[in-house]
Amino acid sequence: MQQIPAELKTWLYASGSLTQQLTDLADGAFRVQPTKEHFQRLQFIDAKWMGMPFQHTSWVRESFLYGSDAEPWVKAKSIFPILSLQGRARLFKHIGKKPIGWFLFQRTNPACERRVIWLEDGWTRQSCYTWHGCKFIVQETFLASFEQFLQKQNSASEGQS
């Protein structure tokens, strides 16, 4: 069983906007690089979590999130069931390089269920949001480059104390 690194724990369990938290950490530097947008059938485990039929189609957006480094910090994947895209969440299908967090946390604090798992690329938090009656999943995998950034930052601040 993998052990969650101490410096990642707070990030995996933090509430609120990861977009804002990464932007703050990177002194204002933050960007989204979409890598793939496509339709796919919901995976059984995700459909069950959202209470949707598993044969239901979803719109999936995959992207990398960058802070102040050249390497991406987070690999993100958002899963929007078609039913959600017929409501207010339909705007998420057209946001391009804008972060989902800008819209999700604007004047609202959506209900969120969270699970933390280990995936091939690293520690991942999966959040099932309910926003204006629409349910969708945002998956954020913290990459090794982010862990390295945190470790460097921790050693720099320990050296100053």
# chains A, B, ... in the order shown; residues from 1 in each chain; ligands from 1
$ residues_around --residues "range 140-151 of chain A" --least-positions-apart "3" --cutoff "7 Å" --atoms "only C-alpha atoms" --output "ChimeraX atom specification"
/A:7,71-77,121-126,154-155
$ residues_around --residues "Ile4 in chain A" --least-positions-apart "2" --cutoff "10 Å" --atoms "only C-alpha atoms" --output "PyMOL selection string"
chain A and resi 1-2+6-9+12+116-118+122-123
$ write_last_selection --atoms "C-alpha atoms" --output "CSV table (one decimal), in the first residue's frame"
chain,number,residue,atom,x,y,z
A,1,MET,CA,0.0,0.0,0.0
A,2,GLN,CA,1.4,3.4,-1.0
A,6,ALA,CA,3.1,14.4,4.0
A,7,GLU,CA,3.4,17.5,1.7
A,8,LEU,CA,0.6,16.1,-0.6
A,9,LYS,CA,-1.9,15.3,2.2
A,12,LEU,CA,-5.4,16.0,-1.6
A,116,VAL,CA,-8.4,9.9,-2.7
A,117,ILE,CA,-6.8,7.0,-4.6
A,118,TRP,CA,-3.4,6.1,-6.1
A,122,GLY,CA,0.4,9.6,-8.8
A,123,TRP,CA,-1.9,10.5,-5.9
$ select_by_dssp --residues "range 5-103 of chain A" --states "alpha helix (DSSP H)" --output "PyMOL selection string"
chain A and resi 6-13+18-25+44-50+82-85+100-103
$ write_last_selection --atoms "C-alpha atoms" --output "CSV table (one decimal), in the first residue's frame"
chain,number,residue,atom,x,y,z
A,6,ALA,CA,3.1,14.4,4.0
A,7,GLU,CA,3.4,17.5,1.7
A,8,LEU,CA,0.6,16.1,-0.6
A,9,LYS,CA,-1.9,15.3,2.2
A,10,THR,CA,-3.1,18.9,2.6
A,11,TRP,CA,-3.6,19.2,-1.2
A,12,LEU,CA,-5.4,16.0,-1.6
A,13,TYR,CA,-7.9,16.8,1.1
A,18,LEU,CA,-7.6,24.0,-6.6
A,19,THR,CA,-7.2,26.6,-9.4
A,20,GLN,CA,-7.0,29.4,-6.8
A,21,GLN,CA,-4.8,27.4,-4.5
A,22,LEU,CA,-2.3,26.6,-7.3
A,23,THR,CA,-2.4,30.2,-8.5
A,24,ASP,CA,-1.6,31.4,-5.0
A,25,LEU,CA,1.3,28.9,-4.6
A,44,PHE,CA,-19.4,1.8,-14.0
A,45,ILE,CA,-17.8,3.1,-10.8
A,46,ASP,CA,-18.3,6.8,-11.8
A,47,ALA,CA,-21.9,6.2,-12.9
A,48,LYS,CA,-22.6,4.5,-9.6
A,49,TRP,CA,-21.0,7.4,-7.6
A,50,MET,CA,-23.1,10.0,-9.5
A,82,ILE,CA,-24.7,14.4,-20.9
A,83,LEU,CA,-27.7,15.1,-18.6
A,84,SER,CA,-25.5,17.6,-16.7
A,85,LEU,CA,-24.5,19.3,-19.9
A,100,ILE,CA,-13.2,24.8,-14.4
A,101,GLY,CA,-12.6,26.3,-10.9
A,102,TRP,CA,-13.2,29.8,-12.2
A,103,PHE,CA,-16.8,28.9,-13.0
$ residues_around --residues "Thr35 in chain A" --least-positions-apart "4" --cutoff "8 Å" --atoms "only C-alpha atoms" --output "mmCIF file with N, CA, C and O atoms, in the first residue's frame"
data_model
loop_
_atom_site.group_PDB
_atom_site.id
_atom_site.type_symbol
_atom_site.label_atom_id
_atom_site.label_comp_id
_atom_site.auth_asym_id
_atom_site.auth_seq_id
_atom_site.Cartn_x
_atom_site.Cartn_y
_atom_site.Cartn_z
ATOM 1 N N ARG A 61 -13.114 15.987 -20.488
ATOM 2 C CA ARG A 61 -12.068 16.969 -20.804
ATOM 3 C C ARG A 61 -10.828 16.574 -20.003
ATOM 4 O O ARG A 61 -10.891 16.470 -18.783
ATOM 5 N N GLU A 62 -9.720 16.363 -20.711
ATOM 6 C CA GLU A 62 -8.457 16.043 -20.050
ATOM 7 C C GLU A 62 -7.498 17.200 -20.288
ATOM 8 O O GLU A 62 -7.471 17.771 -21.377
ATOM 9 N N SER A 63 -6.720 17.543 -19.262
ATOM 10 C CA SER A 63 -5.798 18.664 -19.401
ATOM 11 C C SER A 63 -4.679 18.568 -18.375
ATOM 12 O O SER A 63 -4.734 17.771 -17.442
ATOM 13 N N PHE A 64 -3.670 19.394 -18.585
ATOM 14 C CA PHE A 64 -2.593 19.560 -17.615
ATOM 15 C C PHE A 64 -2.731 20.945 -17.001
ATOM 16 O O PHE A 64 -3.082 21.908 -17.690
#
$ atom_distance --atom1 "CA of Glu37 in chain A" --atom2 "CA of Val60 in chain A"
5.6 Å
$ residues_around --residues "Arg88 in chain A" --least-positions-apart "2" --cutoff "10 Å" --atoms "only C-alpha atoms" --output "PDB file with all heavy atoms, in the first residue's frame"
ATOM      1  N   SER A  84     -26.038  16.403 -17.338  1.00  0.00           N
ATOM      2  CA  SER A  84     -25.541  17.610 -16.677  1.00  0.00           C
ATOM      3  C   SER A  84     -25.278  18.720 -17.680  1.00  0.00           C
ATOM      4  O   SER A  84     -25.457  19.894 -17.387  1.00  0.00           O
ATOM      5  CB  SER A  84     -24.246  17.311 -15.911  1.00  0.00           C
ATOM      6  OG  SER A  84     -24.530  16.505 -14.793  1.00  0.00           O
ATOM      7  N   LEU A  85     -24.838  18.340 -18.877  1.00  0.00           N
ATOM      8  CA  LEU A  85     -24.514  19.349 -19.887  1.00  0.00           C
ATOM      9  C   LEU A  85     -25.759  20.000 -20.486  1.00  0.00           C
ATOM     10  O   LEU A  85     -25.654  20.972 -21.212  1.00  0.00           O
ATOM     11  CB  LEU A  85     -23.663  18.731 -21.003  1.00  0.00           C
ATOM     12  CG  LEU A  85     -22.243  18.365 -20.581  1.00  0.00           C
ATOM     13  CD1 LEU A  85     -21.517  17.660 -21.708  1.00  0.00           C
ATOM     14  CD2 LEU A  85     -21.467  19.592 -20.141  1.00  0.00           C
ATOM     15  N   GLN A  86     -26.937  19.456 -20.153  1.00  0.00           N
ATOM     16  CA  GLN A  86     -28.167  20.096 -20.618  1.00  0.00           C
ATOM     17  C   GLN A  86     -28.620  21.167 -19.635  1.00  0.00           C
ATOM     18  O   GLN A  86     -29.486  21.965 -19.934  1.00  0.00           O
ATOM     19  CB  GLN A  86     -29.262  19.044 -20.817  1.00  0.00           C
ATOM     20  CG  GLN A  86     -28.925  18.109 -21.971  1.00  0.00           C
ATOM     21  CD  GLN A  86     -29.811  16.880 -22.005  1.00  0.00           C
ATOM     22  OE1 GLN A  86     -30.668  16.676 -21.157  1.00  0.00           O
ATOM     23  NE2 GLN A  86     -29.604  16.041 -23.001  1.00  0.00           N
ATOM     24  N   ARG A  90     -23.613  23.152 -18.966  1.00  0.00           N
ATOM     25  CA  ARG A  90     -23.273  23.068 -20.391  1.00  0.00           C
ATOM     26  C   ARG A  90     -22.151  24.040 -20.758  1.00  0.00           C
ATOM     27  O   ARG A  90     -21.425  23.824 -21.712  1.00  0.00           O
ATOM     28  CB  ARG A  90     -24.503  23.260 -21.264  1.00  0.00           C
ATOM     29  CG  ARG A  90     -25.083  24.647 -21.255  1.00  0.00           C
ATOM     30  CD  ARG A  90     -26.344  24.732 -22.158  1.00  0.00           C
ATOM     31  NE  ARG A  90     -26.983  26.032 -22.052  1.00  0.00           N
ATOM     32  CZ  ARG A  90     -27.855  26.358 -21.103  1.00  0.00           C
ATOM     33  NH1 ARG A  90     -28.215  25.481 -20.193  1.00  0.00           N
ATOM     34  NH2 ARG A  90     -28.386  27.560 -21.068  1.00  0.00           N
ATOM     35  N   LEU A  91     -21.990  25.098 -19.968  1.00  0.00           N
ATOM     36  CA  LEU A  91     -20.905  26.057 -20.248  1.00  0.00           C
ATOM     37  C   LEU A  91     -19.532  25.392 -20.170  1.00  0.00           C
ATOM     38  O   LEU A  91     -18.593  25.825 -20.834  1.00  0.00           O
ATOM     39  CB  LEU A  91     -20.973  27.261 -19.305  1.00  0.00           C
ATOM     40  CG  LEU A  91     -20.603  27.059 -17.832  1.00  0.00           C
ATOM     41  CD1 LEU A  91     -19.115  27.259 -17.602  1.00  0.00           C
ATOM     42  CD2 LEU A  91     -21.375  28.037 -16.975  1.00  0.00           C
ATOM     43  N   PHE A  92     -19.385  24.310 -19.383  1.00  0.00           N
ATOM     44  CA  PHE A  92     -18.085  23.651 -19.228  1.00  0.00           C
ATOM     45  C   PHE A  92     -17.590  23.017 -20.518  1.00  0.00           C
ATOM     46  O   PHE A  92     -16.405  22.772 -20.681  1.00  0.00           O
ATOM     47  CB  PHE A  92     -18.123  22.606 -18.105  1.00  0.00           C
ATOM     48  CG  PHE A  92     -18.282  23.218 -16.740  1.00  0.00           C
ATOM     49  CD1 PHE A  92     -19.398  22.955 -15.971  1.00  0.00           C
ATOM     50  CD2 PHE A  92     -17.307  24.062 -16.230  1.00  0.00           C
ATOM     51  CE1 PHE A  92     -19.542  23.523 -14.715  1.00  0.00           C
ATOM     52  CE2 PHE A  92     -17.449  24.639 -14.982  1.00  0.00           C
ATOM     53  CZ  PHE A  92     -18.571  24.378 -14.219  1.00  0.00           C
ATOM     54  N   TRP A 131     -23.501  20.940  -8.681  1.00  0.00           N
ATOM     55  CA  TRP A 131     -23.457  22.380  -8.950  1.00  0.00           C
ATOM     56  C   TRP A 131     -24.706  22.756  -9.722  1.00  0.00           C
ATOM     57  O   TRP A 131     -24.920  22.264 -10.825  1.00  0.00           O
ATOM     58  CB  TRP A 131     -22.193  22.669  -9.771  1.00  0.00           C
ATOM     59  CG  TRP A 131     -21.916  24.084 -10.110  1.00  0.00           C
ATOM     60  CD1 TRP A 131     -21.379  25.024  -9.286  1.00  0.00           C
ATOM     61  CD2 TRP A 131     -22.098  24.724 -11.379  1.00  0.00           C
ATOM     62  NE1 TRP A 131     -21.228  26.208  -9.970  1.00  0.00           N
ATOM     63  CE2 TRP A 131     -21.675  26.046 -11.253  1.00  0.00           C
ATOM     64  CE3 TRP A 131     -22.603  24.289 -12.605  1.00  0.00           C
ATOM     65  CZ2 TRP A 131     -21.720  26.951 -12.305  1.00  0.00           C
ATOM     66  CZ3 TRP A 131     -22.661  25.179 -13.654  1.00  0.00           C
ATOM     67  CH2 TRP A 131     -22.215  26.499 -13.497  1.00  0.00           C
ATOM     68  N   HIS A 132     -25.557  23.590  -9.120  1.00  0.00           N
ATOM     69  CA  HIS A 132     -26.831  23.991  -9.737  1.00  0.00           C
ATOM     70  C   HIS A 132     -27.612  22.766 -10.221  1.00  0.00           C
ATOM     71  O   HIS A 132     -28.144  22.749 -11.324  1.00  0.00           O
ATOM     72  CB  HIS A 132     -26.597  24.967 -10.899  1.00  0.00           C
ATOM     73  CG  HIS A 132     -25.994  26.267 -10.471  1.00  0.00           C
ATOM     74  ND1 HIS A 132     -26.672  27.193  -9.717  1.00  0.00           N
ATOM     75  CD2 HIS A 132     -24.758  26.777 -10.668  1.00  0.00           C
ATOM     76  CE1 HIS A 132     -25.892  28.240  -9.479  1.00  0.00           C
ATOM     77  NE2 HIS A 132     -24.715  28.003 -10.034  1.00  0.00           N
ATOM     78  N   GLY A 133     -27.626  21.711  -9.398  1.00  0.00           N
ATOM     79  CA  GLY A 133     -28.384  20.504  -9.718  1.00  0.00           C
ATOM     80  C   GLY A 133     -27.694  19.556 -10.689  1.00  0.00           C
ATOM     81  O   GLY A 133     -28.238  18.504 -11.005  1.00  0.00           O
ATOM     82  N   CYS A 134     -26.510  19.910 -11.185  1.00  0.00           N
ATOM     83  CA  CYS A 134     -25.771  19.068 -12.137  1.00  0.00           C
ATOM     84  C   CYS A 134     -24.671  18.317 -11.389  1.00  0.00           C
ATOM     85  O   CYS A 134     -23.957  18.917 -10.585  1.00  0.00           O
ATOM     86  CB  CYS A 134     -25.132  19.934 -13.228  1.00  0.00           C
ATOM     87  SG  CYS A 134     -26.294  20.987 -14.079  1.00  0.00           S
TER      88      CYS A 134
END
$ select_by_dssp --residues "range 87-151 of chain A" --states "strand (DSSP E)" --output "list in words"
Ala111, Cys112, Glu113, Arg114, Arg115, Val116, Ile117, Trp118, Leu119, Gly122, Trp123, Thr124, Arg125, Gln126, Ser127, Cys128, Tyr129, Thr130, Trp131, Cys134, Lys135, Phe136, Ile137, Val138, Gln139, Glu140, Thr141 and Phe142 of chain A
